[in-house]
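Here is the file start-v9.txt (compact mmCIF, C-alpha atoms).
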# COMPACT_ATOMS: atom_id res chain seq x y z
CA MET A 1 353.70 194.17 341.00
CA LYS A 2 351.92 191.66 342.73
CA LYS A 3 348.80 189.58 342.99
CA LEU A 4 345.32 187.36 344.36
CA ILE A 5 343.31 184.89 346.23
CA ARG A 6 341.64 182.34 347.71
CA GLY A 7 339.37 180.96 350.32
CA ALA A 8 339.93 177.64 351.84
CA VAL A 9 338.75 175.78 348.77
CA VAL A 10 341.05 177.68 346.43
CA GLY A 11 343.93 177.17 348.84
CA LEU A 12 343.30 173.43 348.83
CA VAL A 13 343.19 173.34 345.04
CA ALA A 14 346.44 175.31 344.87
CA ALA A 15 348.09 172.96 347.34
CA LEU A 16 347.01 169.93 345.36
CA THR A 17 348.25 171.52 342.16
CA LEU A 18 351.63 172.19 343.72
CA SER A 19 351.85 168.62 344.98
CA ALA A 20 351.59 167.55 341.37
CA CYS A 21 354.44 169.84 340.29
CA GLY A 22 357.14 168.98 342.78
CA GLY A 23 355.73 170.48 345.97
CA GLY A 24 354.23 168.93 349.06
CA ASP A 25 356.28 166.18 350.70
CA SER A 26 358.60 165.51 347.80
CA GLY A 27 361.62 166.40 349.95
CA ASP A 28 364.84 165.98 347.98
CA GLU A 29 363.13 164.26 345.08
CA ASN A 30 363.46 167.32 342.89
CA PRO A 31 362.62 166.47 339.26
CA LEU A 32 364.64 169.50 338.15
CA ALA A 33 367.84 168.77 340.04
CA GLY A 34 370.70 169.55 337.69
CA GLY A 35 368.14 170.46 335.05
CA GLY A 36 369.82 173.67 333.94
CA ASP A 37 371.78 171.89 331.22
CA SER A 38 369.56 169.05 330.04
CA GLY A 39 366.37 169.00 332.09
CA THR A 40 363.00 170.61 331.62
CA ILE A 41 362.53 174.17 332.84
CA THR A 42 359.26 174.57 334.74
CA VAL A 43 357.78 178.04 334.31
CA GLY A 44 355.17 179.02 336.86
CA GLY A 45 352.37 181.55 337.03
CA ALA A 46 350.30 182.80 339.95
CA ASN A 47 346.52 182.75 339.90
CA PHE A 48 345.85 185.99 338.09
CA PRO A 49 345.95 186.65 334.33
CA GLU A 50 348.95 188.97 334.13
CA SER A 51 351.22 186.52 335.94
CA ASN A 52 350.22 183.76 333.55
CA LEU A 53 350.79 186.06 330.56
CA LEU A 54 354.29 186.81 331.84
CA GLY A 55 354.86 183.11 332.39
CA GLU A 56 353.84 182.47 328.80
CA LEU A 57 356.24 185.17 327.58
CA TYR A 58 359.06 183.54 329.53
CA ALA A 59 358.11 180.05 328.33
CA GLN A 60 358.02 180.99 324.65
CA ALA A 61 361.25 182.99 324.93
CA LEU A 62 362.97 179.94 326.42
CA GLU A 63 361.52 177.63 323.78
CA ALA A 64 362.79 179.99 321.07
CA LYS A 65 366.28 179.17 322.35
CA GLY A 66 365.66 175.44 322.02
CA LEU A 67 365.01 174.79 325.70
CA LYS A 68 362.39 172.34 326.90
CA VAL A 69 359.66 173.97 329.00
CA THR A 70 356.78 172.82 331.17
CA ARG A 71 354.11 175.32 332.18
CA LYS A 72 352.54 175.34 335.65
CA PHE A 73 350.13 178.27 335.70
CA ASN A 74 347.37 179.32 338.11
CA ILE A 75 349.18 177.82 341.08
CA GLY A 76 348.25 180.29 343.79
CA ALA A 77 349.52 183.32 345.66
CA ARG A 78 353.11 184.06 346.60
CA GLU A 79 352.47 182.55 350.01
CA VAL A 80 351.91 179.27 348.16
CA TYR A 81 354.41 179.26 345.30
CA TYR A 82 357.51 180.94 346.75
CA ASP A 83 358.73 177.88 348.66
CA GLN A 84 358.30 175.80 345.53
CA VAL A 85 360.78 178.01 343.69
CA VAL A 86 363.23 177.70 346.57
CA LYS A 87 362.84 173.89 346.50
CA GLY A 88 363.19 173.70 342.72
CA GLY A 89 359.66 172.51 341.96
CA ILE A 90 359.33 175.68 339.90
CA SER A 91 362.36 176.82 337.89
CA VAL A 92 361.21 180.27 336.76
CA MET A 93 358.54 182.51 338.26
CA PRO A 94 357.46 185.94 337.06
CA GLU A 95 357.69 188.21 340.07
CA TYR A 96 357.14 191.79 341.16
CA ASN A 97 360.27 192.79 343.04
CA GLY A 98 358.76 195.01 345.75
CA ALA A 99 356.02 192.57 346.70
CA LEU A 100 358.46 189.65 346.68
CA LEU A 101 360.74 191.49 349.11
CA THR A 102 358.13 192.54 351.67
CA THR A 103 355.97 189.43 351.45
CA SER A 104 358.49 186.60 351.41
CA VAL A 105 362.00 187.87 352.04
CA ASP A 106 362.01 190.81 354.48
CA LYS A 107 358.64 191.94 355.80
CA THR A 108 360.22 194.87 357.64
CA SER A 109 362.00 196.31 354.60
CA THR A 110 361.45 199.98 353.81
CA ALA A 111 363.16 199.81 350.40
CA ALA A 112 361.09 201.75 347.88
CA THR A 113 363.00 202.22 344.62
CA THR A 114 363.84 199.55 342.07
CA GLU A 115 367.53 199.80 342.92
CA GLU A 116 366.99 199.60 346.70
CA ILE A 117 364.60 196.67 346.38
CA ASN A 118 366.82 194.64 344.07
CA ALA A 119 369.86 195.24 346.28
CA ALA A 120 367.91 193.99 349.29
CA LEU A 121 366.69 190.93 347.40
CA LYS A 122 370.17 190.01 346.21
CA ALA A 123 371.46 190.28 349.76
CA LYS A 124 368.65 188.39 351.48
CA LEU A 125 367.21 185.78 349.10
CA PRO A 126 367.94 182.15 350.01
CA PRO A 127 371.06 180.81 348.25
CA GLU A 128 369.00 178.43 346.10
CA VAL A 129 367.35 181.26 344.16
CA GLU A 130 368.19 184.55 342.48
CA ILE A 131 366.50 187.39 340.68
CA LEU A 132 367.47 188.22 337.11
CA ASN A 133 367.24 191.65 335.52
CA SER A 134 364.13 193.69 336.24
CA ALA A 135 362.02 195.05 333.42
CA GLN A 136 361.01 198.68 333.14
CA ALA A 137 357.48 197.26 333.19
CA GLU A 138 355.82 197.82 336.53
CA ASP A 139 352.46 196.81 337.96
CA LYS A 140 351.59 198.03 341.44
CA ASP A 141 348.81 197.27 343.80
CA SER A 142 346.67 200.35 344.28
CA VAL A 143 343.78 201.75 346.22
CA THR A 144 341.31 202.51 343.47
CA VAL A 145 337.88 204.07 343.96
CA ASN A 146 334.88 204.55 341.73
CA PRO A 147 334.21 208.01 340.27
CA GLN A 148 331.22 208.75 342.52
CA THR A 149 333.23 208.03 345.67
CA ALA A 150 336.14 210.14 344.43
CA ALA A 151 333.80 213.04 343.68
CA LYS A 152 331.76 212.73 346.89
CA TYR A 153 334.80 212.93 349.17
CA ASN A 154 337.17 214.84 346.86
CA LEU A 155 339.63 211.95 346.85
CA LYS A 156 342.95 212.28 345.07
CA SER A 157 345.34 210.65 347.54
CA ILE A 158 345.12 207.68 349.89
CA ALA A 159 345.68 210.21 352.68
CA ASP A 160 342.32 211.81 351.77
CA LEU A 161 340.59 208.61 352.90
CA LYS A 162 341.42 209.01 356.59
CA PRO A 163 338.26 210.92 357.65
CA VAL A 164 335.93 208.76 355.55
CA ALA A 165 337.42 205.24 355.45
CA LYS A 166 335.07 203.99 358.20
CA GLU A 167 332.17 204.66 355.82
CA LEU A 168 333.67 202.64 352.97
CA THR A 169 333.99 198.99 351.98
CA ILE A 170 337.27 198.02 350.34
CA ALA A 171 337.76 194.78 348.44
CA GLY A 172 340.72 192.80 347.20
CA PRO A 173 342.55 189.49 347.39
CA SER A 174 342.38 187.80 350.78
CA GLU A 175 346.08 188.32 351.50
CA PHE A 176 345.65 192.10 351.05
CA LYS A 177 344.19 192.07 354.56
CA THR A 178 347.42 190.89 356.20
CA ARG A 179 350.18 192.29 353.98
CA GLN A 180 352.30 195.35 354.70
CA GLN A 181 351.55 196.37 351.14
CA GLY A 182 347.87 196.10 351.98
CA LEU A 183 345.60 196.96 354.89
CA VAL A 184 348.41 196.61 357.45
CA GLY A 185 350.51 199.25 355.72
CA LEU A 186 347.51 201.47 354.99
CA LYS A 187 346.69 201.52 358.70
CA SER A 188 350.24 202.16 359.90
CA ALA A 189 351.11 204.77 357.26
CA TYR A 190 347.79 206.54 356.80
CA GLY A 191 345.75 205.54 359.86
CA LEU A 192 343.04 203.95 357.73
CA GLU A 193 340.38 201.67 359.16
CA PHE A 194 337.69 200.72 356.69
CA LYS A 195 334.08 199.86 357.44
CA LYS A 196 334.59 196.42 355.89
CA PHE A 197 337.08 194.38 353.91
CA GLN A 198 335.57 192.13 351.26
CA PRO A 199 337.94 189.37 350.05
CA PHE A 200 337.76 188.27 346.42
CA ASP A 201 339.29 185.38 344.54
CA ALA A 202 341.52 186.19 341.56
CA GLY A 203 339.00 184.59 339.24
CA ALA A 204 336.33 186.99 340.48
CA GLN A 205 338.12 190.14 339.38
CA ALA A 206 335.39 191.01 336.90
CA THR A 207 332.82 190.73 339.67
CA LEU A 208 334.91 192.98 341.91
CA VAL A 209 335.08 195.66 339.21
CA LYS A 210 331.34 195.33 338.55
CA LEU A 211 330.54 195.85 342.24
CA LEU A 212 332.90 198.82 342.31
CA THR A 213 331.24 200.49 339.33
CA GLU A 214 327.82 199.81 340.89
CA ASN A 215 329.02 201.40 344.17
CA LYS A 216 328.27 198.24 346.14
CA ILE A 217 331.89 198.52 347.21
CA GLN A 218 333.66 201.86 347.15
CA ALA A 219 337.36 200.97 346.95
CA ALA A 220 339.45 198.07 345.74
CA ASP A 221 342.98 196.79 345.45
CA LEU A 222 343.48 196.75 341.68
CA PHE A 223 346.67 196.27 339.73
CA THR A 224 347.65 199.47 337.95
CA THR A 225 347.89 197.69 334.59
CA ASP A 226 344.28 196.49 334.84
CA PRO A 227 342.64 197.79 331.63
CA THR A 228 339.25 198.04 333.32
CA ILE A 229 340.51 201.03 335.34
CA GLU A 230 340.57 203.23 332.26
CA GLN A 231 337.56 201.53 330.70
CA ASN A 232 335.36 202.36 333.73
CA LYS A 233 336.96 205.72 334.57
CA LEU A 234 338.04 204.45 337.98
CA VAL A 235 340.36 206.63 340.07
CA VAL A 236 343.73 205.31 341.27
CA LEU A 237 344.61 207.25 344.43
CA GLU A 238 348.11 208.64 344.81
CA ASP A 239 350.34 207.00 347.43
CA PRO A 240 352.61 209.75 348.83
CA LYS A 241 353.88 207.55 351.69
CA ASN A 242 354.86 204.70 349.33
CA VAL A 243 352.95 201.89 350.99
CA PHE A 244 353.11 200.31 347.54
CA SER A 245 356.77 200.23 346.56
CA ALA A 246 358.29 199.75 343.11
CA GLN A 247 356.89 196.60 341.53
CA ASN A 248 359.04 195.87 338.51
CA VAL A 249 358.45 192.63 336.64
CA THR A 250 361.44 190.46 337.57
CA PRO A 251 362.20 186.78 336.92
CA LEU A 252 362.80 184.74 340.07
CA VAL A 253 364.73 181.57 339.25
CA HIS A 254 365.93 178.42 340.97
CA LYS A 255 369.66 178.65 340.26
CA LYS A 256 370.37 174.99 339.50
CA SER A 257 367.38 174.69 337.19
CA VAL A 258 368.39 177.33 334.63
CA ASN A 259 371.54 177.63 332.56
CA ASP A 260 373.20 180.66 330.98
CA THR A 261 371.12 180.32 327.82
CA ALA A 262 367.93 180.49 329.87
CA ARG A 263 369.18 183.45 331.90
CA ALA A 264 370.03 185.35 328.73
CA ALA A 265 366.60 184.64 327.21
CA LEU A 266 364.79 185.85 330.34
CA ASN A 267 366.95 188.95 330.63
CA ALA A 268 366.21 189.74 326.98
CA VAL A 269 362.48 189.80 327.80
CA SER A 270 363.13 192.15 330.71
CA ALA A 271 365.19 194.45 328.50
CA LYS A 272 362.26 194.96 326.11
CA LEU A 273 359.16 194.85 328.34
CA THR A 274 357.55 198.19 329.23
CA THR A 275 354.56 199.13 331.35
CA GLN A 276 352.72 200.20 328.20
CA ASP A 277 353.38 196.76 326.71
CA LEU A 278 351.71 195.20 329.76
CA LEU A 279 348.75 197.56 329.50
CA ASP A 280 348.32 196.78 325.80
CA MET A 281 348.63 193.02 326.24
CA MET A 282 346.31 192.92 329.25
CA LYS A 283 343.69 194.89 327.33
CA ARG A 284 343.80 192.27 324.59
CA ILE A 285 343.39 189.47 327.14
CA ALA A 286 340.90 191.02 329.56
CA ILE A 287 338.74 193.05 327.18
CA ASP A 288 339.29 191.68 323.67
CA LYS A 289 339.46 188.08 324.98
CA ASP A 290 342.50 187.13 322.91
CA ASP A 291 344.41 183.98 323.88
CA GLN A 292 347.46 184.68 326.02
CA GLU A 293 349.56 182.33 323.87
CA LYS A 294 348.82 184.43 320.77
CA VAL A 295 349.37 187.71 322.61
CA ALA A 296 352.71 186.51 323.98
CA GLU A 297 353.83 185.13 320.62
CA GLU A 298 353.07 188.37 318.80
CA TRP A 299 354.86 190.52 321.39
CA LEU A 300 357.97 188.32 321.25
CA LYS A 301 358.04 188.47 317.45
CA LYS A 302 357.58 192.24 317.45
CA SER A 303 360.39 192.53 319.99
CA GLY A 304 362.75 190.31 317.98
CA LEU A 305 362.81 187.58 320.61
CA ALA A 306 361.12 184.76 318.69
structure tokens encoding of this file:
Amino acid sequence: MKKLIRGAVVGLVAALTLSACGGGDSGDENPLAGGGDSGTITVGGANFPESNLLGELYAQALEAKGLKVTRKFNIGAREVYYDQVVKGGISVMPEYNGALLTTSVDKTSTAATTEEINAALKAKLPPEVEILNSAQAEDKDSVTVNPQTAAKYNLKSIADLKPVAKELTIAGPSEFKTRQQGLVGLKSAYGLEFKKFQPFDAGAQATLVKLLTENKIQAADLFTTDPTIEQNKLVVLEDPKNVFSAQNVTPLVHKKSVNDTARAALNAVSAKLTTQDLLDMMKRIAIDKDDQEKVAEEWLKKSGLA
């Protein structure tokens, strides 16, 4: 499950945003210290729509239990926000377990299944944080190509790209270039070297898809719950070597900033949330242009959590 990025300007904006929410040089001046019982719970969201939707689900589920919540959405990539969770500047962060493990906790991990990944996280996360229960809902990074490219080269698997990758431009978030679950892993596992990598900011996702459908780029890192994949008949290539591991939606929490009531509320969301739910909600947000607050509220009510 996880998610998108930046240029220098976006990185600066993200850094400034985090400074305002307990990051930067705040040191031990943690506004959430001891906040699990009486303080405000700060729910974060990365800078892509699904993360912010999940953050809104968590926030409303916590509020339904009478807890006070502050939202800090659109705060950047994992490379930016992870340390803020460890420091307590963010209390709750929607995460994707596989990406969290290989990006921030153990870059050499070969864990692939939900069970293997969660066991590794529980063993290796810093003592200040913990993961709660994972949802069945999963959202992986993928190598997705447009229909004409798939047909031209008879592409069904990422492995099929090896003889033709040098003719193709692939696009995605800037960190995709340096992540194991990105170009690094694609090269080591499949021997892929593309003609060009085109970085895109999270806010430019619609532009990325437009260029893909127009064949100005031929491949892209898209999340598998992106509703525009089906809408545009794009082709998600199979990943037989599991470069992209399980990516279950999983709350990452700062231990001292959440109490048992909060943990129970977040675990209740995980118990109900399915991949199809994510697909349906993201379609409403990305295509139907519904407000994420309304979409989250209606899902929680339907699920008996609000």
Between atom CA of A:Lys68 and atom CA of A:Ile285, distance in Å (one decimal)
25.6 Å
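Compared by their closest atoms to A:Leu305, and using all atoms listed in the file, the residues A:Gln181, A:Gln198, A:Ala265, A:Asp280 rank with A:Ala265 nearest.
The nearest approach to A:Thr114 among the residues A:Gly98, A:Pro49, A:Gly66, A:Pro251, with all atoms listed in the file taken into account, belongs to A:Gly98.
Between atom CA of A:Ala189 and atom CA of A:Ile229 the separation is 24.6 Å.
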Looking at only C-alpha atoms, which of A:Leu186, A:Ala306, A:Val209, A:Leu279 is the one that sits closest to A:Asp226?
A:Leu279
Between A:Met281, A:Leu125, A:Val86, A:Val184, which one has atoms that come closest to A:Val105, using all atoms listed in the file?
A:Leu125
Would you mind listing what lies within 12 Å of A:Leu168 as a list in words, with all atoms listed in the file counted and same-chain residues fewer than 5 positions away left out?
Val145, Asn146, Thr149, Ala150, Lys152, Tyr153, Leu161, Lys162, Pro163, Leu192, Glu193, Phe194, Lys195, Lys196, Phe197, Gln198, Leu212, Asn215, Lys216, Ile217, Gln218, Ala219 and Ala220 of chain A
What would stretch 251-266 of chain A look like with N, CA and C atoms restored, written as a PDB file, in the coordinates of the input?
ATOM      1  N   PRO A 251     362.184 188.248 336.812  1.00  0.00           N
ATOM      2  CA  PRO A 251     362.200 186.780 336.920  1.00  0.00           C
ATOM      3  C   PRO A 251     362.885 186.325 338.207  1.00  0.00           C
ATOM      4  N   LEU A 252     362.212 185.435 338.924  1.00  0.00           N
ATOM      5  CA  LEU A 252     362.800 184.740 340.070  1.00  0.00           C
ATOM      6  C   LEU A 252     363.105 183.334 339.613  1.00  0.00           C
ATOM      7  N   VAL A 253     364.351 182.883 339.781  1.00  0.00           N
ATOM      8  CA  VAL A 253     364.730 181.570 339.250  1.00  0.00           C
ATOM      9  C   VAL A 253     365.396 180.718 340.315  1.00  0.00           C
ATOM     10  N   HIS A 254     365.194 179.403 340.187  1.00  0.00           N
ATOM     11  CA  HIS A 254     365.930 178.420 340.970  1.00  0.00           C
ATOM     12  C   HIS A 254     367.255 178.212 340.251  1.00  0.00           C
ATOM     13  N   LYS A 255     368.357 178.547 340.918  1.00  0.00           N
ATOM     14  CA  LYS A 255     369.660 178.650 340.260  1.00  0.00           C
ATOM     15  C   LYS A 255     370.059 177.397 339.494  1.00  0.00           C
ATOM     16  N   LYS A 256     369.887 176.229 340.115  1.00  0.00           N
ATOM     17  CA  LYS A 256     370.370 174.990 339.500  1.00  0.00           C
ATOM     18  C   LYS A 256     369.482 174.525 338.350  1.00  0.00           C
ATOM     19  N   SER A 257     368.325 175.154 338.199  1.00  0.00           N
ATOM     20  CA  SER A 257     367.380 174.690 337.190  1.00  0.00           C
ATOM     21  C   SER A 257     367.417 175.490 335.898  1.00  0.00           C
ATOM     22  N   VAL A 258     368.266 176.527 335.847  1.00  0.00           N
ATOM     23  CA  VAL A 258     368.390 177.330 334.630  1.00  0.00           C
ATOM     24  C   VAL A 258     369.860 177.501 334.278  1.00  0.00           C
ATOM     25  N   ASN A 259     370.152 177.439 332.996  1.00  0.00           N
ATOM     26  CA  ASN A 259     371.540 177.630 332.560  1.00  0.00           C
ATOM     27  C   ASN A 259     371.715 179.032 331.996  1.00  0.00           C
ATOM     28  N   ASP A 260     372.908 179.311 331.475  1.00  0.00           N
ATOM     29  CA  ASP A 260     373.200 180.660 330.980  1.00  0.00           C
ATOM     30  C   ASP A 260     372.329 181.032 329.789  1.00  0.00           C
ATOM     31  N   THR A 261     371.999 180.052 328.958  1.00  0.00           N
ATOM     32  CA  THR A 261     371.120 180.320 327.820  1.00  0.00           C
ATOM     33  C   THR A 261     369.747 180.788 328.297  1.00  0.00           C
ATOM     34  N   ALA A 262     369.231 180.112 329.315  1.00  0.00           N
ATOM     35  CA  ALA A 262     367.930 180.490 329.870  1.00  0.00           C
ATOM     36  C   ALA A 262     367.992 181.870 330.511  1.00  0.00           C
ATOM     37  N   ARG A 263     369.048 182.133 331.260  1.00  0.00           N
ATOM     38  CA  ARG A 263     369.180 183.450 331.900  1.00  0.00           C
ATOM     39  C   ARG A 263     369.202 184.559 330.847  1.00  0.00           C
ATOM     40  N   ALA A 264     369.932 184.338 329.783  1.00  0.00           N
ATOM     41  CA  ALA A 264     370.030 185.350 328.730  1.00  0.00           C
ATOM     42  C   ALA A 264     368.670 185.586 328.068  1.00  0.00           C
ATOM     43  N   ALA A 265     367.925 184.512 327.834  1.00  0.00           N
ATOM     44  CA  ALA A 265     366.600 184.640 327.210  1.00  0.00           C
ATOM     45  C   ALA A 265     365.647 185.418 328.105  1.00  0.00           C
ATOM     46  N   LEU A 266     365.681 185.154 329.403  1.00  0.00           N
ATOM     47  CA  LEU A 266     364.790 185.850 330.340  1.00  0.00           C
ATOM     48  C   LEU A 266     365.195 187.311 330.490  1.00  0.00           C
TER      49      LEU A 266
END
